[in-house]
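J.: Handing you a structure now.
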Amino acid sequence: MKRRTVLLAASGVLCAVAFAIMWRPSLRETTGTPIPADAATIARGARVVAQGDCIVCHTAREGTSYAGGYGLKTPFGTIYSTNITPDAATGIGRWSVDAFRRALRHGVSRDGHFLYPAFPYVHYTRMADADIDDAYAFLMSRRPVDAPPRKNELPLLFRLRPSLAFWNLLFLKSGAVPAGRGVVERGRYLAEGAGHCASCHTPLDFIGGEEHGKPYDGATVDGWDAPPLNRLDSATRPWTQGQLVDYLSTGVASEHGAAAGPMRPVVDNLSKLPRADVEAIASYVLSLQKPRGVRNDTPVNPSMPAGYAEGASLFAGGCAGCHEPSAPMMAMEGRPSLDMATSIHADTPRNAIQTIVNGIGLPDEPGVSVYMPSFDDALSNRDIANLLVYLRVRFGKKEPWRATNKIIEEVGKDGSAPP
Amino acid sequence: MTRHDDRVDISRRAFIVNGALVVAFATMAPARLLAQKVDTLGTVILAPNLPGSLKSNPFLDAWIKIDDSGITVCTGKVELGTGVRTAMLQIAAEQLSVRPALITLVTADTARTPDEGYTAGSHSMADGGTALFNAAAQVRFLLLTAASSRLGVPVSRLTAKDGEIRADDGRKVTYAEAVKDIQLHRQADATSPAVDPKTFTLIGTSLPRVDIPGKVTGGAAYVQDMRLPGMLHARVVRPPLPGARLKQLDVTAVEKLPGVVRVVVDGDFIGVLADDEWRAIVAARALTRAAGWTAAPALPGYAGIHAALRTLPAKVYPTASRSTAPVSTKPAFTCTHTKQYVQHGSIGPSCAVAQLADGTMTVWTHTQGVYPLRGGLAEMLGVPLDKVHCIHVEGSGCYGHNGADDVAADAALLARAVPGQPVRVQWMRDQEQLWEPYGPAMATDLKATLDDAGNLRDWNFALWSTPHNERIVNAGRLAPATLLAKPFVSAPPVPIPNPEGDADRNAVPPYRIPNLDVTMNFVPEMPFRTSAMRSLGAHINVVSIETTVDELARSVGQDPVDFRIRHLDDPRAVEVIRTAAREFGWPYRGTDDRKAAGFAFSRYKNIMGYFAIAVEVAYDPDTNAVRLLRAVAAIDCGQIVNPDGARNQIEGGILQSTSWTLYEAVDFDEIQVHSNDWSGYPIMRFSQVPDEVSVHIVDRPGLPFLGAAEIAQGPTAAAVTIALSRVMGSPLRDLPLMRHAPFGRT
Amino acid sequence: MIELRVNGVLHQVEAGPETPLLYVLRNDLRMNGAKFGCGMGQCGACTVIVQGKPVFSCVTPLSSIGAREVVTIEGLGTLAHPSPLQASFIAHQAAQCGYCISGMIMRAQALLAANPHPDEATIREHMEPNLCRCGTHMRILAAIRVVAAGEHA
Ligand code: FES
Ligand code: FES
């Protein structure tokens, strides 16, 4: 009897605790007619929303801006972003600013359900109230779009949202961090908060949280390597502030190459920010550098490795028109030579493969841009492997990568190639 | 197709067909022009009273030859992708009363066809078409007369059809027989026998283009597709920028490359000949690496170009001036517009094949003018005119003076090095985009006032531009000739006189304005060679005029379409405006503040085709994306020869002009041009293509042909500018629109 | 000698393995359809189909083709018997200068073979790599749309 009481009580307490952890109240709905903000607030909000890259994930391919529906591929399944236009029925039109703040700080939707951490509230939580409020004002000034949420494609286990509460216990440290003074401090505020750089550039553990103790050590995102941000000055050609600012604000660094893959939309978005914001982010990122290790630039054995000759021939017919020094792009445009390309010097061939397979897409609107065609349908996996040997040896002056075939297959089959 | 012939005075028709073409052209031609006896396309006027190009080629047999082997029709005009071949065939077949299939059509060839100067300026129909229209009618009449005396029956009892003339009693004479009794080598008459346009069975119908089936099934259609026996492939290597000089070049390694036949170096001119195209490209790449060049003179830079235009020495041409009322006391409306350099941007880089055989240099070329090119080549090669033979073969669309002539000169220079052997040269993409003559950057200043009643009163317009007409009048106009060790120098630029106009084409508004002053500042020297590109100065001039008219109308609370109509006296102008407005659904009643409409009108060169257009554009403030959603246009180009062909031209003009207006500019800084490929010179792609484009034709049977190829460029640009300005809430005045604030995409 | 299968015919080609397919088709096999436009994969004038996929033949080295089947516009139909897509381009008079058109047809053909009834957005997105300077886009789209809708031109 007594034992049962204890058990009952214990389970009661457990339930209460679990309930407290897992239950969040629904917040009051507003009328759905946003109170218009003044132009200055909206303009500030636009800047914050650009810092946060919100449009990148909250806009579907060919979809209306901020209306959601973009599918984020995670190791657990595909999560579709939601409509953050002020539509009363399908967007955030009935959200109060408190509900909006709670979502950004705690990852909880207005109605009390937990949001998936694919939404980077673990970073947004560090934003200042004023910035969050400005972002809210900006989003509320957008045109409402009727766009009901798309159903996520997740296994049953992950559809139990309350369990996310426990994830939050592990990974969420709510609360703003003061912006601080000085450029680096401002950069930290932007990069750690709205910019959420670590979301992609820090390795994730098996439940999708950023691994403790490894901030900015680099990770794999959408089949691309998001390179470590703390080893930029040990690159073959160390990154400078100017190069990094160029890269982040234009997508091209003359000594390293062009933004591609998932980084491309990020720089498109950063290009809308005031230069000071980008400079601050660059300063902060450069302040993260680890001490230089011993470089393993073993010079390549002069005897040509297997695949080199085939690669040379493929290069002459398929690549030289743009990438040989005699090509107009190089001779006249000063486009980065491949011997400077970050992807050629990287530890893995993943980004080189991605670039060959998928190319660098055309911009949405015609504008001067870096473009490279996809070679997915032109080259076989074997061709790509041979080409990589040639690229690595000729331009990287390094031993050929190992295990390229596996990555080529991965890239080919993960569906990231265009149709 | 909308037919609106009710306004045409029927009693005038016969006269019009017979003679109005003459009258129209004689009255339009400025005294200055006639005195020179050279028309704007560079041909010599021999018979000023004849219709169309008969003025410069008055003999009937220059146009039409009939013998036992059939009917051959020659035109000095060329197919530039505008469907001219088909239209010419329709005209000749109609007037000769034969099926088109019975005619062999020969286009520009200096050994065979009349010299019609250039195929340019929307002149093909007006000049060449009119000449054929009349020549064919006259030949048919002569054949009928010959048959009449052979058969001893009056002409009224004869019918001509498909190469035979039949009397009503069943007897017949073939054209080939009849022609033996007459002399076709005779000067054309000023008037042609009357034909009622109602009886036309070919003119006015959409005969399918004769060239399209071959082009969509892999037929050899272009000079690029020529393969002559023993033909060598060549590539040229150009300086990185005009003005850079060759410092060093060691060709020994390149000469040893597989397949290389010859490396030609003459001053700064470099070319390589090989037995295979790819080998020629590989060798040219090696030459590119081997060549060292001096720096070229500094450029003014993208941002500084318009300031430079206004400060460089300029020749001032008063385009038009009148003063018929007291100057308004109302405050003046002023604005400044700018336009950047633009590229013709052919999809297929320029190409030519040349062969020096038996002392004659034969050049197969997609030039717009085989005769002027022949002159330039002969001077460059130092040979008499009759030792150069230029034959037109189609190329990729050119839209004006592009690299066609220059690459013909390249081919001739390289073929000279290997007598007997045919040589094919095609430019690489960067050469096309760096070495074609650009469409000039321009600036305009406009000042206008209304009177108390809200009518236009004073109009002051000044524009600045480099030449739009650096056509081949001497060897120095051919880029390769300027690179030789003994370089040729370009003839001094001379603007095309009014009413055709050069940079000041369409600079005079079509509206009733009591006081008017229009001035062209013609800047002869600039860093880039510039020349004719569709519509010349009309592109920005119509933008300046029409955006101003739009703003002025709105400033007095008037609908811009009504305002225009109120200021027009020409019923044909009013009718195209009304047609476009009606078909579009003007006034525009959109409720979406991210969409807006714009309307514009112009009559090309103020003397050619009428064009009105309404467009709807959309702007997304979140992505900064702009899109033309819908365009509805109306045209009046006189008698329409081929309605579908005209519509095809206009649709293309609307899309091309939209691309120019929104996106296109040559990107350059102080040291380099960056627009050397499609990533550095982006043009419209499918994702920017509108949802709907419709073209409504106001046909004018019996009225002179007016040409359609370029008439859409100016008004489309203006309508898009107006619509986008309305969405943005402030006037946009710098072209291309998307490269400037508030879009600022660079 | 390299073996190359084009439009169902096996050819022995003498060109070097690095030679872009475009030049092999045009010069060794004397075909006109694939055109040189940019040589950099920027314009699509050279588009041909390799094993069902549209590729830029100007940047596709001969050695990479291997045993894969190449189809050019010459392989779709003839003047006398044009393919449905070619017939539709003729019916719509979908060409001005026509230089881009072979590439357009080949890219569209690859789409229709894989997806016989694409919607408008799919067609436009698929055609994005190909440029037309004459502004023939409306007719090109119309010509493809009709075949995609299963109607005969
Ligand atoms: S020629 Fe191949 S894409 Fe332009
Ligand atoms: S039809 Fe001329 S480029 Fe497309």
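Residues are named by chain letter and number: chains run A, B, ... in the order of the structure tokens, numbers start at 1 in each chain, and ligands are numbered from 1 in the order shown.
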Please, which residues have at least one atom within 7 Å of an atom of ligand 2, using only C-alpha atoms and all ligand atoms, listed as a PyMOL selection string?

T.: (chain B and resi 81+346-347+396-397) or (chain C and resi 95-101+132-136)

J.: Pull out every residue of chain A sitting within 12 Å of chain B, counting only C-alpha atoms, and send them as a PyMOL selection string.

T.: chain A and resi 46-47+49-50+54-56+58-59+62-67+85+138-139+141-143+250+265+268-269+271-272+316-317+320-335+360-373

J.: Go ahead and write the selection's residues with C-alpha atoms as a short mmCIF file (atom, residue, chain, number, x, y, z; two decimals), in the first residue's frame.

T.:
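After the write, again_22.cif holds the following:
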data_model
loop_
_atom_site.label_atom_id
_atom_site.label_comp_id
_atom_site.auth_asym_id
_atom_site.auth_seq_id
_atom_site.Cartn_x
_atom_site.Cartn_y
_atom_site.Cartn_z
CA ALA A 46 14.28 44.36 -43.00
CA ARG A 47 17.93 44.50 -42.06
CA VAL A 49 15.49 39.71 -41.33
CA ALA A 50 18.28 39.81 -43.88
CA CYS A 54 14.82 34.20 -42.98
CA ILE A 55 13.81 34.41 -46.62
CA VAL A 56 16.17 31.59 -47.58
CA HIS A 58 10.91 30.46 -45.57
CA THR A 59 10.51 30.64 -49.33
CA GLU A 62 9.38 29.32 -57.17
CA GLY A 63 7.23 30.22 -54.17
CA THR A 64 6.21 33.54 -52.70
CA SER A 65 8.70 35.16 -50.37
CA TYR A 66 8.23 34.25 -46.69
CA ALA A 67 5.26 32.00 -47.44
CA THR A 85 3.67 36.26 -43.77
CA PHE A 138 8.90 44.01 -40.85
CA LEU A 139 7.29 40.62 -41.32
CA SER A 141 4.28 44.67 -42.97
CA ARG A 142 4.61 41.99 -45.67
CA ARG A 143 1.73 40.98 -47.84
CA THR A 250 29.52 39.49 -53.41
CA PRO A 265 21.64 31.95 -51.07
CA ASP A 268 22.79 36.60 -51.89
CA ASN A 269 21.09 37.61 -48.70
CA SER A 271 24.70 41.23 -50.08
CA LYS A 272 21.62 43.16 -48.99
CA ALA A 316 41.23 20.33 -71.95
CA GLY A 317 37.90 19.65 -73.63
CA ALA A 320 39.87 24.84 -70.26
CA GLY A 321 37.60 27.28 -72.06
CA CYS A 322 36.93 28.89 -68.70
CA HIS A 323 39.69 27.70 -66.38
CA GLU A 324 42.94 27.82 -68.35
CA PRO A 325 44.97 30.99 -67.95
CA SER A 326 44.29 31.75 -71.64
CA ALA A 327 40.53 31.74 -71.08
CA PRO A 328 38.96 35.21 -71.18
CA MET A 329 37.45 34.68 -67.75
CA MET A 330 40.91 34.23 -66.34
CA ALA A 331 43.00 36.41 -68.60
CA MET A 332 40.65 39.35 -68.55
CA GLU A 333 38.33 38.91 -65.65
CA GLY A 334 40.87 37.94 -63.05
CA ARG A 335 38.61 35.14 -61.90
CA ILE A 360 26.88 27.10 -59.90
CA GLY A 361 23.37 28.09 -60.82
CA LEU A 362 22.13 31.15 -62.61
CA PRO A 363 20.89 33.99 -60.44
CA ASP A 364 17.13 34.46 -60.11
CA GLU A 365 17.26 37.79 -61.86
CA PRO A 366 19.77 38.56 -64.58
CA GLY A 367 22.74 40.22 -63.04
CA VAL A 368 26.45 39.91 -63.43
CA SER A 369 27.22 36.67 -61.72
CA VAL A 370 29.42 33.66 -61.45
CA TYR A 371 27.92 30.77 -63.34
CA MET A 372 29.11 27.30 -64.08
CA PRO A 373 27.18 24.64 -65.94
#

J.: Compute the set of protein, DNA and RNA residues whose minimum atom distance to ligand 1 is at most 6 Å, using only C-alpha atoms and all ligand atoms, and state it as an NGL selection string.

T.: :C and (36-46 or 56-58)

J.: Keeping N, CA, C and O atoms for every residue in the selection just given, could you write it to a file as a PDB file, in the first residue's frame?

T.:
ATOM      1  N   PHE C  36      27.753  26.250 -82.393  1.00  0.00           N
ATOM      2  CA  PHE C  36      28.650  26.922 -81.449  1.00  0.00           C
ATOM      3  C   PHE C  36      28.050  28.277 -81.080  1.00  0.00           C
ATOM      4  O   PHE C  36      27.766  29.090 -81.961  1.00  0.00           O
ATOM      5  N   GLY C  37      27.845  28.482 -79.791  1.00  0.00           N
ATOM      6  CA  GLY C  37      27.324  29.778 -79.357  1.00  0.00           C
ATOM      7  C   GLY C  37      28.283  30.453 -78.392  1.00  0.00           C
ATOM      8  O   GLY C  37      28.588  31.633 -78.520  1.00  0.00           O
ATOM      9  N   CYS C  38      28.757  29.693 -77.414  1.00  0.00           N
ATOM     10  CA  CYS C  38      29.628  30.314 -76.412  1.00  0.00           C
ATOM     11  C   CYS C  38      30.801  29.418 -76.050  1.00  0.00           C
ATOM     12  O   CYS C  38      31.823  29.899 -75.591  1.00  0.00           O
ATOM     13  N   GLY C  39      30.633  28.120 -76.188  1.00  0.00           N
ATOM     14  CA  GLY C  39      31.714  27.215 -75.812  1.00  0.00           C
ATOM     15  C   GLY C  39      31.923  27.105 -74.315  1.00  0.00           C
ATOM     16  O   GLY C  39      32.937  26.586 -73.867  1.00  0.00           O
ATOM     17  N   MET C  40      30.974  27.598 -73.524  1.00  0.00           N
ATOM     18  CA  MET C  40      31.156  27.607 -72.078  1.00  0.00           C
ATOM     19  C   MET C  40      29.936  27.114 -71.306  1.00  0.00           C
ATOM     20  O   MET C  40      29.823  27.362 -70.117  1.00  0.00           O
ATOM     21  N   GLY C  41      29.016  26.513 -72.000  1.00  0.00           N
ATOM     22  CA  GLY C  41      27.831  26.029 -71.291  1.00  0.00           C
ATOM     23  C   GLY C  41      26.914  27.140 -70.824  1.00  0.00           C
ATOM     24  O   GLY C  41      26.162  26.969 -69.876  1.00  0.00           O
ATOM     25  N   GLN C  42      26.963  28.295 -71.500  1.00  0.00           N
ATOM     26  CA  GLN C  42      26.156  29.423 -71.041  1.00  0.00           C
ATOM     27  C   GLN C  42      24.913  29.682 -71.888  1.00  0.00           C
ATOM     28  O   GLN C  42      24.071  30.476 -71.492  1.00  0.00           O
ATOM     29  N   CYS C  43      24.819  29.082 -73.082  1.00  0.00           N
ATOM     30  CA  CYS C  43      23.744  29.511 -73.968  1.00  0.00           C
ATOM     31  C   CYS C  43      22.879  28.384 -74.519  1.00  0.00           C
ATOM     32  O   CYS C  43      21.762  28.619 -74.969  1.00  0.00           O
ATOM     33  N   GLY C  44      23.383  27.175 -74.522  1.00  0.00           N
ATOM     34  CA  GLY C  44      22.567  26.043 -74.956  1.00  0.00           C
ATOM     35  C   GLY C  44      22.446  25.852 -76.460  1.00  0.00           C
ATOM     36  O   GLY C  44      21.751  24.947 -76.900  1.00  0.00           O
ATOM     37  N   ALA C  45      23.113  26.664 -77.265  1.00  0.00           N
ATOM     38  CA  ALA C  45      22.998  26.514 -78.724  1.00  0.00           C
ATOM     39  C   ALA C  45      23.515  25.149 -79.183  1.00  0.00           C
ATOM     40  O   ALA C  45      23.128  24.664 -80.239  1.00  0.00           O
ATOM     41  N   CYS C  46      24.380  24.548 -78.390  1.00  0.00           N
ATOM     42  CA  CYS C  46      25.030  23.294 -78.762  1.00  0.00           C
ATOM     43  C   CYS C  46      24.345  22.076 -78.156  1.00  0.00           C
ATOM     44  O   CYS C  46      24.894  20.982 -78.210  1.00  0.00           O
ATOM     45  N   PHE C  56      25.412  20.156 -72.831  1.00  0.00           N
ATOM     46  CA  PHE C  56      26.089  21.159 -73.655  1.00  0.00           C
ATOM     47  C   PHE C  56      27.218  20.447 -74.377  1.00  0.00           C
ATOM     48  O   PHE C  56      28.231  20.106 -73.773  1.00  0.00           O
ATOM     49  N   SER C  57      27.069  20.225 -75.668  1.00  0.00           N
ATOM     50  CA  SER C  57      28.104  19.452 -76.356  1.00  0.00           C
ATOM     51  C   SER C  57      29.424  20.216 -76.451  1.00  0.00           C
ATOM     52  O   SER C  57      30.464  19.633 -76.661  1.00  0.00           O
ATOM     53  N   CYS C  58      29.366  21.551 -76.248  1.00  0.00           N
ATOM     54  CA  CYS C  58      30.590  22.349 -76.362  1.00  0.00           C
ATOM     55  C   CYS C  58      31.557  22.119 -75.214  1.00  0.00           C
ATOM     56  O   CYS C  58      32.727  22.456 -75.335  1.00  0.00           O
TER      57      CYS C  58
END

J.: Quick one: which residues from chain C are at most 12 Å off chain A, using only C-alpha atoms, as a PyMOL selection string?

T.: chain C and resi 15-24+38-44+47-70+110-111+114-115+121-122+124-126+128-130

J.: Export N, CA and C atoms of the chosen residues as a compact mmCIF listing (two decimals), in the first residue's frame?

T.:
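Result file part_7.txt:
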# COMPACT_ATOMS: atom_id res chain seq x y z
N ALA C 15 39.03 12.06 -84.03
CA ALA C 15 39.39 13.20 -83.19
C ALA C 15 40.03 12.75 -81.87
N GLY C 16 40.78 13.66 -81.28
CA GLY C 16 41.42 13.39 -80.00
C GLY C 16 40.36 13.23 -78.91
N PRO C 17 40.70 12.49 -77.84
CA PRO C 17 39.70 12.20 -76.80
C PRO C 17 39.19 13.46 -76.09
N GLU C 18 39.99 14.53 -76.12
CA GLU C 18 39.58 15.74 -75.40
C GLU C 18 38.61 16.59 -76.22
N THR C 19 38.53 16.33 -77.53
CA THR C 19 37.73 17.19 -78.41
C THR C 19 36.28 17.27 -77.92
N PRO C 20 35.77 18.47 -77.72
CA PRO C 20 34.37 18.56 -77.32
C PRO C 20 33.46 17.96 -78.39
N LEU C 21 32.44 17.29 -77.93
CA LEU C 21 31.51 16.59 -78.81
C LEU C 21 31.00 17.48 -79.94
N LEU C 22 30.78 18.76 -79.62
CA LEU C 22 30.26 19.71 -80.62
C LEU C 22 31.06 19.66 -81.92
N TYR C 23 32.39 19.71 -81.78
CA TYR C 23 33.23 19.78 -82.98
C TYR C 23 33.27 18.44 -83.70
N VAL C 24 33.15 17.38 -82.94
CA VAL C 24 33.10 16.07 -83.57
C VAL C 24 31.83 15.96 -84.41
N CYS C 38 28.76 29.69 -77.41
CA CYS C 38 29.63 30.31 -76.41
C CYS C 38 30.80 29.42 -76.05
N GLY C 39 30.63 28.12 -76.19
CA GLY C 39 31.71 27.22 -75.81
C GLY C 39 31.92 27.10 -74.32
N MET C 40 30.97 27.60 -73.52
CA MET C 40 31.16 27.61 -72.08
C MET C 40 29.94 27.11 -71.31
N GLY C 41 29.02 26.51 -72.00
CA GLY C 41 27.83 26.03 -71.29
C GLY C 41 26.91 27.14 -70.82
N GLN C 42 26.96 28.29 -71.50
CA GLN C 42 26.16 29.42 -71.04
C GLN C 42 24.91 29.68 -71.89
N CYS C 43 24.82 29.08 -73.08
CA CYS C 43 23.74 29.51 -73.97
C CYS C 43 22.88 28.38 -74.52
N GLY C 44 23.38 27.17 -74.52
CA GLY C 44 22.57 26.04 -74.96
C GLY C 44 22.45 25.85 -76.46
N THR C 47 23.18 22.28 -77.55
CA THR C 47 22.55 21.20 -76.79
C THR C 47 22.24 19.97 -77.65
N VAL C 48 22.67 18.82 -77.18
CA VAL C 48 22.27 17.54 -77.78
C VAL C 48 21.84 16.63 -76.62
N ILE C 49 21.30 15.48 -76.96
CA ILE C 49 20.86 14.56 -75.92
C ILE C 49 21.86 13.41 -75.82
N VAL C 50 22.36 13.19 -74.61
CA VAL C 50 23.24 12.05 -74.38
C VAL C 50 22.54 11.15 -73.37
N GLN C 51 22.25 9.98 -73.80
CA GLN C 51 21.52 9.02 -72.96
C GLN C 51 20.33 9.66 -72.26
N GLY C 52 19.52 10.34 -73.02
CA GLY C 52 18.29 10.89 -72.48
C GLY C 52 18.42 12.25 -71.81
N LYS C 53 19.65 12.70 -71.58
CA LYS C 53 19.82 13.96 -70.87
C LYS C 53 20.31 15.05 -71.82
N PRO C 54 19.83 16.27 -71.62
CA PRO C 54 20.34 17.35 -72.46
C PRO C 54 21.72 17.78 -71.96
N VAL C 55 22.69 17.79 -72.84
CA VAL C 55 24.03 18.25 -72.42
C VAL C 55 24.52 19.34 -73.37
N PHE C 56 25.41 20.16 -72.83
CA PHE C 56 26.09 21.16 -73.66
C PHE C 56 27.22 20.45 -74.38
N SER C 57 27.07 20.23 -75.67
CA SER C 57 28.10 19.45 -76.36
C SER C 57 29.42 20.22 -76.45
N CYS C 58 29.37 21.55 -76.25
CA CYS C 58 30.59 22.35 -76.36
C CYS C 58 31.56 22.12 -75.21
N VAL C 59 31.08 21.60 -74.10
CA VAL C 59 31.98 21.34 -72.97
C VAL C 59 31.94 19.87 -72.56
N THR C 60 31.53 19.03 -73.50
CA THR C 60 31.49 17.60 -73.21
C THR C 60 32.56 16.90 -74.03
N PRO C 61 33.67 16.52 -73.39
CA PRO C 61 34.75 15.90 -74.15
C PRO C 61 34.30 14.57 -74.76
N LEU C 62 34.81 14.29 -75.93
CA LEU C 62 34.47 13.07 -76.64
C LEU C 62 34.68 11.83 -75.76
N SER C 63 35.78 11.82 -75.01
CA SER C 63 36.12 10.62 -74.23
C SER C 63 35.05 10.31 -73.19
N SER C 64 34.28 11.32 -72.79
CA SER C 64 33.31 11.07 -71.72
C SER C 64 32.04 10.43 -72.24
N ILE C 65 31.87 10.36 -73.55
CA ILE C 65 30.61 9.81 -74.07
C ILE C 65 30.57 8.29 -73.92
N GLY C 66 31.70 7.66 -74.17
CA GLY C 66 31.75 6.22 -74.03
C GLY C 66 30.71 5.54 -74.92
N ALA C 67 29.99 4.62 -74.32
CA ALA C 67 29.02 3.85 -75.11
C ALA C 67 27.66 4.53 -75.13
N ARG C 68 27.56 5.69 -74.52
CA ARG C 68 26.24 6.32 -74.42
C ARG C 68 25.77 6.81 -75.79
N GLU C 69 24.46 6.76 -75.98
CA GLU C 69 23.85 7.12 -77.26
C GLU C 69 23.68 8.64 -77.33
N VAL C 70 24.16 9.22 -78.42
CA VAL C 70 23.99 10.65 -78.65
C VAL C 70 22.85 10.85 -79.65
N ALA C 110 14.36 16.43 -74.58
CA ALA C 110 14.81 15.64 -73.43
C ALA C 110 13.78 15.70 -72.31
N LEU C 111 13.19 16.86 -72.13
CA LEU C 111 12.16 17.00 -71.09
C LEU C 111 10.95 16.15 -71.43
N ALA C 114 11.26 12.45 -70.90
CA ALA C 114 11.24 12.00 -69.52
C ALA C 114 9.90 12.29 -68.85
N ASN C 115 9.26 13.34 -69.31
CA ASN C 115 8.03 13.80 -68.67
C ASN C 115 7.12 14.32 -69.78
N ALA C 121 5.26 25.84 -65.72
CA ALA C 121 6.40 26.21 -64.87
C ALA C 121 7.56 25.27 -65.09
N THR C 122 7.26 23.99 -65.24
CA THR C 122 8.32 23.00 -65.46
C THR C 122 9.02 23.27 -66.79
N ARG C 124 9.28 26.12 -68.42
CA ARG C 124 10.11 27.33 -68.34
C ARG C 124 11.38 27.08 -67.55
N GLU C 125 11.25 26.38 -66.46
CA GLU C 125 12.43 26.14 -65.64
C GLU C 125 13.43 25.27 -66.40
N HIS C 126 12.90 24.28 -67.07
CA HIS C 126 13.77 23.36 -67.81
C HIS C 126 14.51 24.09 -68.94
N GLU C 128 15.48 27.13 -69.03
CA GLU C 128 16.28 28.26 -68.52
C GLU C 128 17.72 28.33 -69.07
N PRO C 129 18.42 27.21 -69.22
CA PRO C 129 19.82 27.34 -69.68
C PRO C 129 19.96 27.84 -71.12
N ASN C 130 18.92 27.80 -71.92
CA ASN C 130 19.07 28.14 -73.34
C ASN C 130 18.67 29.59 -73.61

J.: Write down as a list in words the residues of region 228-289 of chain A whose backbone DSSP state falls under strand (DSSP E or B).

T.: Val252, Ala253, Gly257 and Ala258 of chain A

J.: May I ask which of the residues B:Arg279, B:Arg603, B:Lys486, B:Arg700 is the closest one to Gly267 (chain B), counting only C-alpha atoms?

T.: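 Among the listed residues, the smallest separation from Gly267 (chain B) belongs to B:Lys486.
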
J.: Taking 6 positions as the minimum chain separation for residues in the same chain, which residues sit within 9 Å of Ala633 (chain B) when counting only C-alpha atoms? Answer as a PyMOL selection string.

T.: chain B and resi 576-577+579-581+583-584+611-615+650-651+654+693-697+712+716

J.: Tell me, as a CSV table (one decimal) with all heavy atoms, in the first residue's frame, which residues lie within 6 Å of Gln421 (chain B), counting only C-alpha atoms; anything in the same chain fewer than 2 positions away does not count.

T.:
chain,number,residue,atom,x,y,z
B,355,GLN,N,37.9,32.6,-99.8
B,355,GLN,CA,38.8,31.8,-100.6
B,355,GLN,C,39.4,32.7,-101.7
B,355,GLN,O,38.6,33.4,-102.4
B,355,GLN,CB,38.0,30.7,-101.3
B,355,GLN,CG,38.9,29.8,-102.2
B,355,GLN,CD,38.1,28.6,-102.7
B,355,GLN,OE1,36.9,28.7,-102.8
B,355,GLN,NE2,38.9,27.6,-103.0
B,418,VAL,N,46.8,31.8,-97.8
B,418,VAL,CA,46.8,30.4,-98.3
B,418,VAL,C,46.0,30.3,-99.6
B,418,VAL,O,44.9,29.7,-99.6
B,418,VAL,CB,46.3,29.4,-97.3
B,418,VAL,CG1,47.2,29.1,-96.1
B,418,VAL,CG2,44.9,29.9,-96.7
B,419,PRO,N,46.6,30.9,-100.7
B,419,PRO,CA,45.8,31.0,-101.9
B,419,PRO,C,45.2,29.7,-102.3
B,419,PRO,O,45.9,28.6,-102.2
B,419,PRO,CB,46.8,31.5,-102.9
B,419,PRO,CG,47.9,32.2,-102.1
B,419,PRO,CD,47.9,31.5,-100.8

J.: Need to verify the contact set: region 57-67 of chain B, 10 Å, only C-alpha atoms, exclusion of same-chain residues closer than 3 positions in sequence. Can you return it as a PyMOL selection string?

T.: chain B and resi 43-54+70-76+92+96+103-106+112-116+128+131-132+134-136+138-139+163+175-180+183-190

J.: For Ala403 (chain A), please output as a list in words all residues within 12 Å (counting only C-alpha atoms; exclusion window: fewer than 3 positions along the same chain).

T.: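 Residues near the query, excluding close chain neighbours: Asp347, Thr348, Pro349, Arg350, Ala385, Leu388, Val389, Pro400, Lys406, Ile407, Ile408, Glu409 and Glu410 of chain A.
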
J.: Mind giving me the straight-line distance from CA of Pro499 (chain B) to CA of Asn648 (chain B) in Å, one decimal?

T.: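 It comes out at 26.9 Å.
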
J.: Between B:Val632, B:Val210, B:Ala479, B:Leu102, which one has atoms that come closest to chain C, using only C-alpha atoms?

T.: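 Looking only at the distances to chain C, the closest residue turns out to be B:Val210.
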
J.: With only C-alpha atoms as the counted atoms, please give the residues lying no more than 10 Å from region 274-287 of chain A, apart from itself and same-chain residues fewer than 2 positions off, as an MDAnalysis selection string.

T.: chainID A and resid 47 51 182:192 195 197 216 229:233 239:249 270:272 289:290

J.: Report, in Å to a single decimal, how far apart CA of Gln95 (chain B) and CA of Pro643 (chain B) are.

T.: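 Pair CA of Pro643 (chain B) / CA of Gln95 (chain B) returns 18.1 Å.
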